[in-house]
Each structure stands twice: as structure tokens, then as C-alpha cells.
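Colleague: My structure is stored as final.csv, with CSV, N, CA and C atoms.
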chain,number,residue,atom,x,y,z
A,1,MET,N,-31.9,-28.4,-1.7
A,1,MET,CA,-30.5,-28.4,-2.1
A,1,MET,C,-30.2,-27.2,-3.0
A,2,GLN,N,-29.2,-26.5,-2.6
A,2,GLN,CA,-28.8,-25.3,-3.4
A,2,GLN,C,-27.9,-25.7,-4.6
A,3,SER,N,-28.1,-25.0,-5.7
A,3,SER,CA,-27.2,-25.3,-6.8
A,3,SER,C,-25.9,-24.5,-6.6
A,4,ALA,N,-24.9,-24.9,-7.3
A,4,ALA,CA,-23.6,-24.2,-7.2
A,4,ALA,C,-23.7,-22.9,-7.9
A,5,PRO,N,-22.9,-21.8,-7.5
A,5,PRO,CA,-23.0,-20.6,-8.2
A,5,PRO,C,-22.4,-20.7,-9.6
A,6,PRO,N,-22.9,-19.9,-10.5
A,6,PRO,CA,-22.3,-20.0,-11.9
A,6,PRO,C,-20.8,-19.8,-11.9
A,7,ARG,N,-20.2,-20.4,-12.8
A,7,ARG,CA,-18.7,-20.3,-12.9
A,7,ARG,C,-18.3,-18.8,-13.2
A,8,ARG,N,-19.1,-18.1,-13.7
A,8,ARG,CA,-18.8,-16.7,-14.0
A,8,ARG,C,-18.5,-15.9,-12.7
A,9,THR,N,-19.3,-16.2,-11.7
A,9,THR,CA,-19.1,-15.5,-10.4
A,9,THR,C,-17.7,-15.8,-9.8
A,10,GLY,N,-17.3,-17.1,-9.9
A,10,GLY,CA,-16.0,-17.5,-9.4
A,10,GLY,C,-14.9,-16.8,-10.2
A,11,ARG,N,-15.0,-16.7,-11.5
A,11,ARG,CA,-14.0,-16.1,-12.3
A,11,ARG,C,-14.0,-14.6,-12.0
A,12,PHE,N,-15.1,-14.0,-11.8
A,12,PHE,CA,-15.1,-12.5,-11.5
A,12,PHE,C,-14.4,-12.3,-10.2
A,13,LEU,N,-14.7,-13.1,-9.2
A,13,LEU,CA,-14.0,-12.9,-7.9
A,13,LEU,C,-12.5,-13.1,-8.0
A,14,ARG,N,-12.1,-14.1,-8.8
A,14,ARG,CA,-10.6,-14.3,-8.9
A,14,ARG,C,-10.0,-13.1,-9.6
A,15,VAL,N,-10.6,-12.6,-10.6
A,15,VAL,CA,-10.1,-11.4,-11.4
A,15,VAL,C,-10.1,-10.2,-10.5
A,16,ALA,N,-11.1,-10.0,-9.7
A,16,ALA,CA,-11.2,-8.8,-8.8
A,16,ALA,C,-10.1,-8.9,-7.7
A,17,VAL,N,-9.8,-10.1,-7.2
A,17,VAL,CA,-8.8,-10.2,-6.2
A,17,VAL,C,-7.4,-10.0,-6.8
A,18,LEU,N,-7.2,-10.5,-8.0
A,18,LEU,CA,-5.9,-10.2,-8.7
A,18,LEU,C,-5.7,-8.7,-9.0
A,19,LEU,N,-6.8,-8.1,-9.4
A,19,LEU,CA,-6.6,-6.6,-9.7
A,19,LEU,C,-6.4,-5.8,-8.4
A,20,LEU,N,-7.0,-6.2,-7.3
A,20,LEU,CA,-6.7,-5.5,-6.1
A,20,LEU,C,-5.3,-5.7,-5.6
A,21,ALA,N,-4.8,-7.0,-5.7
A,21,ALA,CA,-3.5,-7.3,-5.4
A,21,ALA,C,-2.5,-6.6,-6.3
A,22,ALA,N,-2.8,-6.5,-7.5
A,22,ALA,CA,-1.9,-5.8,-8.5
A,22,ALA,C,-1.8,-4.3,-8.2
A,23,GLY,N,-2.8,-3.7,-7.6
A,23,GLY,CA,-2.8,-2.3,-7.3
A,23,GLY,C,-2.3,-2.0,-5.9
A,24,TYR,N,-2.3,-3.0,-5.0
A,24,TYR,CA,-1.9,-2.9,-3.6
A,24,TYR,C,-0.4,-2.6,-3.5
A,25,VAL,N,0.5,-3.4,-4.1
A,25,VAL,CA,1.9,-3.2,-4.0
A,25,VAL,C,2.4,-1.9,-4.7
A,26,PRO,N,2.0,-1.6,-5.9
A,26,PRO,CA,2.4,-0.3,-6.5
A,26,PRO,C,1.9,0.9,-5.8
A,27,SER,N,0.8,0.8,-5.1
A,27,SER,CA,0.3,2.0,-4.4
A,27,SER,C,1.0,2.3,-3.1
A,28,SER,N,1.8,1.3,-2.6
A,28,SER,CA,2.4,1.4,-1.3
A,28,SER,C,3.4,2.6,-1.3
A,29,GLY,N,4.2,2.7,-2.3
A,29,GLY,CA,5.3,3.8,-2.4
A,29,GLY,C,4.7,5.2,-2.3
A,30,PRO,N,3.8,5.5,-3.3
A,30,PRO,CA,3.2,6.9,-3.3
A,30,PRO,C,2.4,7.2,-2.1
A,31,VAL,N,1.6,6.2,-1.6
A,31,VAL,CA,0.8,6.5,-0.4
A,31,VAL,C,1.6,6.8,0.8
A,32,LEU,N,2.6,5.9,1.1
A,32,LEU,CA,3.4,6.1,2.2
A,32,LEU,C,4.3,7.4,2.1
A,33,ALA,N,4.8,7.6,1.0
A,33,ALA,CA,5.6,8.9,0.8
A,33,ALA,C,4.8,10.1,1.0
A,34,THR,N,3.6,10.1,0.5
A,34,THR,CA,2.6,11.2,0.7
A,34,THR,C,2.3,11.4,2.2
A,35,ALA,N,2.1,10.3,2.9
A,35,ALA,CA,1.8,10.3,4.3
A,35,ALA,C,2.9,10.9,5.1
A,36,PHE,N,4.2,10.4,4.8
A,36,PHE,CA,5.3,10.9,5.5
A,36,PHE,C,5.6,12.4,5.2
A,37,TRP,N,5.3,12.8,4.0
A,37,TRP,CA,5.5,14.2,3.6
A,37,TRP,C,4.5,15.1,4.4
A,38,LEU,N,3.2,14.6,4.4
A,38,LEU,CA,2.2,15.4,5.1
A,38,LEU,C,2.5,15.4,6.6
A,39,ARG,N,3.1,14.4,7.2
A,39,ARG,CA,3.5,14.4,8.6
A,39,ARG,C,4.6,15.4,8.8
A,40,GLU,N,5.5,15.5,7.9
A,40,GLU,CA,6.6,16.5,8.1
A,40,GLU,C,6.1,17.9,7.9
A,41,ARG,N,5.1,18.1,7.0
A,41,ARG,CA,4.6,19.5,6.8
A,41,ARG,C,3.7,19.9,7.9
A,42,THR,N,2.9,19.0,8.5
A,42,THR,CA,1.9,19.4,9.5
A,42,THR,C,2.3,19.1,10.9
A,43,GLY,N,3.3,18.2,11.1
A,43,GLY,CA,3.7,17.8,12.4
A,43,GLY,C,2.7,16.9,13.1
A,44,ARG,N,1.7,16.4,12.4
A,44,ARG,CA,0.7,15.5,13.0
A,44,ARG,C,1.1,14.1,12.8
A,45,ASP,N,1.3,13.3,13.9
A,45,ASP,CA,1.7,11.9,13.8
A,45,ASP,C,0.6,11.0,13.3
A,46,GLU,N,-0.6,11.5,13.2
A,46,GLU,CA,-1.7,10.6,12.7
A,46,GLU,C,-1.4,10.1,11.3
A,47,PHE,N,-0.6,10.8,10.5
A,47,PHE,CA,-0.4,10.4,9.1
A,47,PHE,C,0.4,9.1,9.1
A,48,TYR,N,1.1,8.8,10.1
A,48,TYR,CA,1.8,7.5,10.2
A,48,TYR,C,0.9,6.3,10.2
A,49,ALA,N,-0.4,6.5,10.4
A,49,ALA,CA,-1.3,5.4,10.4
A,49,ALA,C,-1.4,4.8,9.0
A,50,ALA,N,-1.0,5.5,8.0
A,50,ALA,CA,-1.0,4.9,6.6
A,50,ALA,C,-0.1,3.7,6.5
A,51,ILE,N,0.8,3.5,7.5
A,51,ILE,CA,1.7,2.4,7.4
A,51,ILE,C,0.9,1.1,7.7
A,52,TRP,N,-0.1,1.1,8.5
A,52,TRP,CA,-0.8,-0.1,8.9
A,52,TRP,C,-1.2,-1.0,7.8
A,53,PRO,N,-1.9,-0.5,6.7
A,53,PRO,CA,-2.4,-1.4,5.7
A,53,PRO,C,-1.2,-2.0,4.9
A,54,TYR,N,-0.1,-1.4,4.9
A,54,TYR,CA,1.1,-1.9,4.1
A,54,TYR,C,2.1,-2.6,5.0
A,55,LEU,N,1.9,-2.7,6.2
A,55,LEU,CA,2.8,-3.4,7.1
A,55,LEU,C,3.2,-4.8,6.7
A,56,PRO,N,2.3,-5.6,6.2
A,56,PRO,CA,2.7,-7.0,5.7
A,56,PRO,C,3.7,-6.9,4.6
A,57,LEU,N,3.7,-5.9,3.8
A,57,LEU,CA,4.6,-5.8,2.7
A,57,LEU,C,6.0,-5.4,3.2
A,58,LEU,N,6.1,-4.6,4.3
A,58,LEU,CA,7.3,-4.0,4.8
A,58,LEU,C,8.0,-4.9,5.8
A,59,ARG,N,7.3,-5.9,6.3
A,59,ARG,CA,7.9,-6.8,7.4
A,59,ARG,C,9.0,-7.7,7.0
A,60,PRO,N,9.0,-8.4,5.9
A,60,PRO,CA,10.1,-9.3,5.6
A,60,PRO,C,11.4,-8.6,5.4
A,61,ALA,N,12.5,-9.1,6.1
A,61,ALA,CA,13.8,-8.5,5.9
A,61,ALA,C,14.3,-8.7,4.5
A,62,GLY,N,14.8,-7.6,4.0
A,62,GLY,CA,15.3,-7.6,2.6
A,62,GLY,C,14.2,-7.5,1.5
A,63,SER,N,13.1,-7.1,1.9
A,63,SER,CA,11.9,-7.0,1.0
A,63,SER,C,12.2,-6.0,-0.1
A,64,PRO,N,12.0,-6.3,-1.4
A,64,PRO,CA,12.2,-5.3,-2.4
A,64,PRO,C,11.1,-4.2,-2.3
A,65,VAL,N,10.0,-4.5,-1.7
A,65,VAL,CA,9.0,-3.4,-1.5
A,65,VAL,C,9.6,-2.3,-0.6
A,66,LYS,N,10.4,-2.6,0.4
A,66,LYS,CA,11.0,-1.6,1.2
A,66,LYS,C,11.9,-0.7,0.4
A,67,ASP,N,12.6,-1.2,-0.6
A,67,ASP,CA,13.5,-0.4,-1.4
A,67,ASP,C,12.6,0.5,-2.3
A,68,TYR,N,11.5,0.0,-2.8
A,68,TYR,CA,10.5,0.7,-3.6
A,68,TYR,C,9.9,1.9,-2.8
A,69,VAL,N,9.5,1.6,-1.6
A,69,VAL,CA,8.9,2.7,-0.8
A,69,VAL,C,10.0,3.7,-0.4
A,70,GLU,N,11.2,3.3,-0.1
A,70,GLU,CA,12.3,4.2,0.2
A,70,GLU,C,12.6,5.1,-1.0
A,71,TRP,N,12.5,4.6,-2.2
A,71,TRP,CA,12.7,5.4,-3.4
A,71,TRP,C,11.7,6.5,-3.5
A,72,TRP,N,10.4,6.1,-3.3
A,72,TRP,CA,9.4,7.1,-3.3
A,72,TRP,C,9.6,8.2,-2.2
A,73,VAL,N,10.0,7.8,-1.0
A,73,VAL,CA,10.2,8.7,0.1
A,73,VAL,C,11.3,9.7,-0.2
A,74,ILE,N,12.4,9.2,-0.8
A,74,ILE,CA,13.5,10.1,-1.2
A,74,ILE,C,13.0,11.0,-2.3
A,75,ARG,N,12.2,10.5,-3.2
A,75,ARG,CA,11.7,11.3,-4.4
A,75,ARG,C,10.9,12.4,-3.9
A,76,PHE,N,10.1,12.2,-2.8
A,76,PHE,CA,9.3,13.2,-2.2
A,76,PHE,C,10.1,14.2,-1.4
A,77,GLY,N,11.3,13.9,-1.1
A,77,GLY,CA,12.2,14.7,-0.3
A,77,GLY,C,11.8,14.8,1.2
A,78,THR,N,11.4,13.7,1.7
A,78,THR,CA,11.0,13.6,3.1
A,78,THR,C,11.7,12.4,3.8
A,79,VAL,N,11.3,12.2,5.0
A,79,VAL,CA,11.9,11.1,5.8
A,79,VAL,C,10.7,10.2,6.3
A,80,GLY,N,11.0,9.0,6.6
A,80,GLY,CA,10.0,8.1,7.2
A,80,GLY,C,10.0,8.2,8.7
A,81,PRO,N,9.2,7.4,9.4
A,81,PRO,CA,9.2,7.5,10.9
A,81,PRO,C,10.5,7.1,11.5
A,82,GLY,N,10.7,7.6,12.7
A,82,GLY,CA,11.9,7.1,13.4
A,82,GLY,C,13.0,8.1,13.6
As C-alpha cells, what does this structure read like?
Modeller:
Amino acid sequence: MQSAPPRRTGRFLRVAVLLLAAGYVPSSGPVLATAFWLRERTGRDEFYAAIWPYLPLLRPAGSPVKDYVEWWVIRFGTVGPG
């Protein structure tokens, strides 16, 4: 019979997941704006692949994250796909 993992491990995992989630949303704006800017500069559509990891954030209609990403895109002086 195996013993349960120490409580410290569970706490560490919860903190790690929270830190990753806390960095995921704020990174969406600069990462996507940079990808769109690079696409405009180089003409290579492969930079649009940066959208895939952030697609769950951009999907809901009226998402405040969409406004946040758009603010970054405008700040970079570029346009998104489409």
C-alpha cells in the first residue's frame, strides 16, 4: 500500500498552476501583437500560429481579453488576421 504524497507537493502544484494561469492571460496581448506585427513585416502567415494557445481566451463573445489583445495590437501599430 502506497502512502499519500506529502501535503507540500499538493500545495506546490496548486501554486504552480495558479502562477502559470496568472501569466497566461497577461501574456496574450504582447505575444499576439508581436506575432501580428512580425506577420506584417515578413509576410509569413506562420506567425498566426501564435493564436492557437490563446484561442480559448478569445472565443467567448464579449470577452474582455479580446479588448486587451486589441489594445496591444493597436499599440504595436499593426492589424490582426482577416
Colleague: In Å, rounded to a single decimal, give me how far atom C of A:Leu18 is from atom CA of A:Trp72.
Modeller: 22.6 Å
Colleague: Nearest residue to A:Val79 out of A:Trp37, A:Phe47, A:Phe12, A:Trp52, using all atoms listed in the file?
Modeller: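 Among the listed residues, A:Trp37 lies closest to A:Val79.
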Colleague: For A:Arg44, which residue among A:Thr9, A:Pro81, A:Gly62, A:Arg75 is the nearest when counting only C-alpha atoms?
Modeller: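 Using only C-alpha atoms, the shortest distance to A:Arg44 belongs to A:Pro81.
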Colleague: Please, what distance in Å, to one decimal, runs between atom CA of A:Tyr68 and atom CA of A:Glu40?
Modeller: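 Atom CA of A:Glu40 lies 20.0 Å from atom CA of A:Tyr68.
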Colleague: Calculated over only N, CA and C atoms, which of the candidates A:Ser63, A:Leu57, A:Trp71, A:Gly10 has the smallest distance to A:Val25?
Modeller: A:Leu57
Colleague: With only C-alpha atoms as the atoms that count, which of A:Val17, A:Phe36, A:Arg7, A:Pro30 lies nearest to A:Gly82?
Modeller: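 Between A:Val17, A:Phe36, A:Arg7, A:Pro30, the residue approaching A:Gly82 most closely is A:Phe36.
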Colleague: Between atom C of A:Pro56 and atom C of A:Ser28, what is the spacing in Å?
Modeller: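 Spanning atom C of A:Ser28 to atom C of A:Pro56 is a straight-line distance of 11.2 Å.
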Colleague: Near A:Gly80, counting only C-alpha atoms, which residues have an atom at most 9 Å away, once you skip same-chain residues fewer than 2 positions from it, shown as a list in words?
Modeller: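 That gives Leu32, Ala33, Ala35, Phe36, Trp37, Tyr48, Glu70, Val73, Thr78 and Gly82 of chain A.
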Colleague: Take the residues that were just selected and, keeping N, CA and C atoms, output them as a compact mmCIF listing (two decimals), in the coordinates of the input.
Modeller:
# COMPACT_ATOMS: atom_id res chain seq x y z
N LEU A 32 2.60 5.90 1.10
CA LEU A 32 3.40 6.10 2.20
C LEU A 32 4.30 7.40 2.10
N ALA A 33 4.80 7.60 1.00
CA ALA A 33 5.60 8.90 0.80
C ALA A 33 4.80 10.10 1.00
N ALA A 35 2.10 10.30 2.90
CA ALA A 35 1.80 10.30 4.30
C ALA A 35 2.90 10.90 5.10
N PHE A 36 4.20 10.40 4.80
CA PHE A 36 5.30 10.90 5.50
C PHE A 36 5.60 12.40 5.20
N TRP A 37 5.30 12.80 4.00
CA TRP A 37 5.50 14.20 3.60
C TRP A 37 4.50 15.10 4.40
N TYR A 48 1.10 8.80 10.10
CA TYR A 48 1.80 7.50 10.20
C TYR A 48 0.90 6.30 10.20
N GLU A 70 11.20 3.30 -0.10
CA GLU A 70 12.30 4.20 0.20
C GLU A 70 12.60 5.10 -1.00
N VAL A 73 10.00 7.80 -1.00
CA VAL A 73 10.20 8.70 0.10
C VAL A 73 11.30 9.70 -0.20
N THR A 78 11.40 13.70 1.70
CA THR A 78 11.00 13.60 3.10
C THR A 78 11.70 12.40 3.80
N GLY A 82 10.70 7.60 12.70
CA GLY A 82 11.90 7.10 13.40
C GLY A 82 13.00 8.10 13.60
Colleague: From stretch 1-72 of chain A, collect each residue whose DSSP state is alpha helix (DSSP H) and return the set as a CSV table (one decimal) with N, CA and C atoms, keeping the file's coordinate frame.
Modeller:
chain,number,residue,atom,x,y,z
A,7,ARG,N,-20.2,-20.4,-12.8
A,7,ARG,CA,-18.7,-20.3,-12.9
A,7,ARG,C,-18.3,-18.8,-13.2
A,8,ARG,N,-19.1,-18.1,-13.7
A,8,ARG,CA,-18.8,-16.7,-14.0
A,8,ARG,C,-18.5,-15.9,-12.7
A,9,THR,N,-19.3,-16.2,-11.7
A,9,THR,CA,-19.1,-15.5,-10.4
A,9,THR,C,-17.7,-15.8,-9.8
A,10,GLY,N,-17.3,-17.1,-9.9
A,10,GLY,CA,-16.0,-17.5,-9.4
A,10,GLY,C,-14.9,-16.8,-10.2
A,11,ARG,N,-15.0,-16.7,-11.5
A,11,ARG,CA,-14.0,-16.1,-12.3
A,11,ARG,C,-14.0,-14.6,-12.0
A,12,PHE,N,-15.1,-14.0,-11.8
A,12,PHE,CA,-15.1,-12.5,-11.5
A,12,PHE,C,-14.4,-12.3,-10.2
A,13,LEU,N,-14.7,-13.1,-9.2
A,13,LEU,CA,-14.0,-12.9,-7.9
A,13,LEU,C,-12.5,-13.1,-8.0
A,14,ARG,N,-12.1,-14.1,-8.8
A,14,ARG,CA,-10.6,-14.3,-8.9
A,14,ARG,C,-10.0,-13.1,-9.6
A,15,VAL,N,-10.6,-12.6,-10.6
A,15,VAL,CA,-10.1,-11.4,-11.4
A,15,VAL,C,-10.1,-10.2,-10.5
A,16,ALA,N,-11.1,-10.0,-9.7
A,16,ALA,CA,-11.2,-8.8,-8.8
A,16,ALA,C,-10.1,-8.9,-7.7
A,17,VAL,N,-9.8,-10.1,-7.2
A,17,VAL,CA,-8.8,-10.2,-6.2
A,17,VAL,C,-7.4,-10.0,-6.8
A,18,LEU,N,-7.2,-10.5,-8.0
A,18,LEU,CA,-5.9,-10.2,-8.7
A,18,LEU,C,-5.7,-8.7,-9.0
A,19,LEU,N,-6.8,-8.1,-9.4
A,19,LEU,CA,-6.6,-6.6,-9.7
A,19,LEU,C,-6.4,-5.8,-8.4
A,20,LEU,N,-7.0,-6.2,-7.3
A,20,LEU,CA,-6.7,-5.5,-6.1
A,20,LEU,C,-5.3,-5.7,-5.6
A,21,ALA,N,-4.8,-7.0,-5.7
A,21,ALA,CA,-3.5,-7.3,-5.4
A,21,ALA,C,-2.5,-6.6,-6.3
A,22,ALA,N,-2.8,-6.5,-7.5
A,22,ALA,CA,-1.9,-5.8,-8.5
A,22,ALA,C,-1.8,-4.3,-8.2
A,23,GLY,N,-2.8,-3.7,-7.6
A,23,GLY,CA,-2.8,-2.3,-7.3
A,23,GLY,C,-2.3,-2.0,-5.9
A,24,TYR,N,-2.3,-3.0,-5.0
A,24,TYR,CA,-1.9,-2.9,-3.6
A,24,TYR,C,-0.4,-2.6,-3.5
A,25,VAL,N,0.5,-3.4,-4.1
A,25,VAL,CA,1.9,-3.2,-4.0
A,25,VAL,C,2.4,-1.9,-4.7
A,26,PRO,N,2.0,-1.6,-5.9
A,26,PRO,CA,2.4,-0.3,-6.5
A,26,PRO,C,1.9,0.9,-5.8
A,27,SER,N,0.8,0.8,-5.1
A,27,SER,CA,0.3,2.0,-4.4
A,27,SER,C,1.0,2.3,-3.1
A,28,SER,N,1.8,1.3,-2.6
A,28,SER,CA,2.4,1.4,-1.3
A,28,SER,C,3.4,2.6,-1.3
A,29,GLY,N,4.2,2.7,-2.3
A,29,GLY,CA,5.3,3.8,-2.4
A,29,GLY,C,4.7,5.2,-2.3
A,30,PRO,N,3.8,5.5,-3.3
A,30,PRO,CA,3.2,6.9,-3.3
A,30,PRO,C,2.4,7.2,-2.1
A,31,VAL,N,1.6,6.2,-1.6
A,31,VAL,CA,0.8,6.5,-0.4
A,31,VAL,C,1.6,6.8,0.8
A,32,LEU,N,2.6,5.9,1.1
A,32,LEU,CA,3.4,6.1,2.2
A,32,LEU,C,4.3,7.4,2.1
A,33,ALA,N,4.8,7.6,1.0
A,33,ALA,CA,5.6,8.9,0.8
A,33,ALA,C,4.8,10.1,1.0
A,34,THR,N,3.6,10.1,0.5
A,34,THR,CA,2.6,11.2,0.7
A,34,THR,C,2.3,11.4,2.2
A,35,ALA,N,2.1,10.3,2.9
A,35,ALA,CA,1.8,10.3,4.3
A,35,ALA,C,2.9,10.9,5.1
A,36,PHE,N,4.2,10.4,4.8
A,36,PHE,CA,5.3,10.9,5.5
A,36,PHE,C,5.6,12.4,5.2
A,37,TRP,N,5.3,12.8,4.0
A,37,TRP,CA,5.5,14.2,3.6
A,37,TRP,C,4.5,15.1,4.4
A,38,LEU,N,3.2,14.6,4.4
A,38,LEU,CA,2.2,15.4,5.1
A,38,LEU,C,2.5,15.4,6.6
A,39,ARG,N,3.1,14.4,7.2
A,39,ARG,CA,3.5,14.4,8.6
A,39,ARG,C,4.6,15.4,8.8
A,40,GLU,N,5.5,15.5,7.9
A,40,GLU,CA,6.6,16.5,8.1
A,40,GLU,C,6.1,17.9,7.9
A,41,ARG,N,5.1,18.1,7.0
A,41,ARG,CA,4.6,19.5,6.8
A,41,ARG,C,3.7,19.9,7.9
A,42,THR,N,2.9,19.0,8.5
A,42,THR,CA,1.9,19.4,9.5
A,42,THR,C,2.3,19.1,10.9
A,55,LEU,N,1.9,-2.7,6.2
A,55,LEU,CA,2.8,-3.4,7.1
A,55,LEU,C,3.2,-4.8,6.7
A,56,PRO,N,2.3,-5.6,6.2
A,56,PRO,CA,2.7,-7.0,5.7
A,56,PRO,C,3.7,-6.9,4.6
A,57,LEU,N,3.7,-5.9,3.8
A,57,LEU,CA,4.6,-5.8,2.7
A,57,LEU,C,6.0,-5.4,3.2
A,58,LEU,N,6.1,-4.6,4.3
A,58,LEU,CA,7.3,-4.0,4.8
A,58,LEU,C,8.0,-4.9,5.8
A,64,PRO,N,12.0,-6.3,-1.4
A,64,PRO,CA,12.2,-5.3,-2.4
A,64,PRO,C,11.1,-4.2,-2.3
A,65,VAL,N,10.0,-4.5,-1.7
A,65,VAL,CA,9.0,-3.4,-1.5
A,65,VAL,C,9.6,-2.3,-0.6
A,66,LYS,N,10.4,-2.6,0.4
A,66,LYS,CA,11.0,-1.6,1.2
A,66,LYS,C,11.9,-0.7,0.4
A,67,ASP,N,12.6,-1.2,-0.6
A,67,ASP,CA,13.5,-0.4,-1.4
A,67,ASP,C,12.6,0.5,-2.3
A,68,TYR,N,11.5,0.0,-2.8
A,68,TYR,CA,10.5,0.7,-3.6
A,68,TYR,C,9.9,1.9,-2.8
A,69,VAL,N,9.5,1.6,-1.6
A,69,VAL,CA,8.9,2.7,-0.8
A,69,VAL,C,10.0,3.7,-0.4
A,70,GLU,N,11.2,3.3,-0.1
A,70,GLU,CA,12.3,4.2,0.2
A,70,GLU,C,12.6,5.1,-1.0
A,71,TRP,N,12.5,4.6,-2.2
A,71,TRP,CA,12.7,5.4,-3.4
A,71,TRP,C,11.7,6.5,-3.5
A,72,TRP,N,10.4,6.1,-3.3
A,72,TRP,CA,9.4,7.1,-3.3
A,72,TRP,C,9.6,8.2,-2.2
Colleague: Which residues come within 8 Å of A:Tyr54, counting only N, CA and C atoms, excluding same-chain residues fewer than 5 positions away, as a ChimeraX atom specification?
Modeller: /A:24,28,49,59
Colleague: What would the file look like if the residues just selected were written as a JSON list (two decimals), keeping the file's coordinate frame with N, CA and C atoms?
Modeller:
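Result file is again.json:
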[["chain", "number", "residue", "atom", "x", "y", "z"],
["A", 24, "TYR", "N", -2.30, -3.00, -5.00],
["A", 24, "TYR", "CA", -1.90, -2.90, -3.60],
["A", 24, "TYR", "C", -0.40, -2.60, -3.50],
["A", 28, "SER", "N", 1.80, 1.30, -2.60],
["A", 28, "SER", "CA", 2.40, 1.40, -1.30],
["A", 28, "SER", "C", 3.40, 2.60, -1.30],
["A", 49, "ALA", "N", -0.40, 6.50, 10.40],
["A", 49, "ALA", "CA", -1.30, 5.40, 10.40],
["A", 49, "ALA", "C", -1.40, 4.80, 9.00],
["A", 59, "ARG", "N", 7.30, -5.90, 6.30],
["A", 59, "ARG", "CA", 7.90, -6.80, 7.40],
["A", 59, "ARG", "C", 9.00, -7.70, 7.00]]
Colleague: Please put the answer as AutoDock Vina command-line options: centre and edge lengths, in Å with one decimal, of a box along x, y and z that encloses all listed atoms of stretch 55-67 of chain A plus 5 Å on each side.
Modeller:
--center_x 8.6 --center_y -4.4 --center_z 2.5 --size_x 23.4 --size_y 19.8 --size_z 19.8
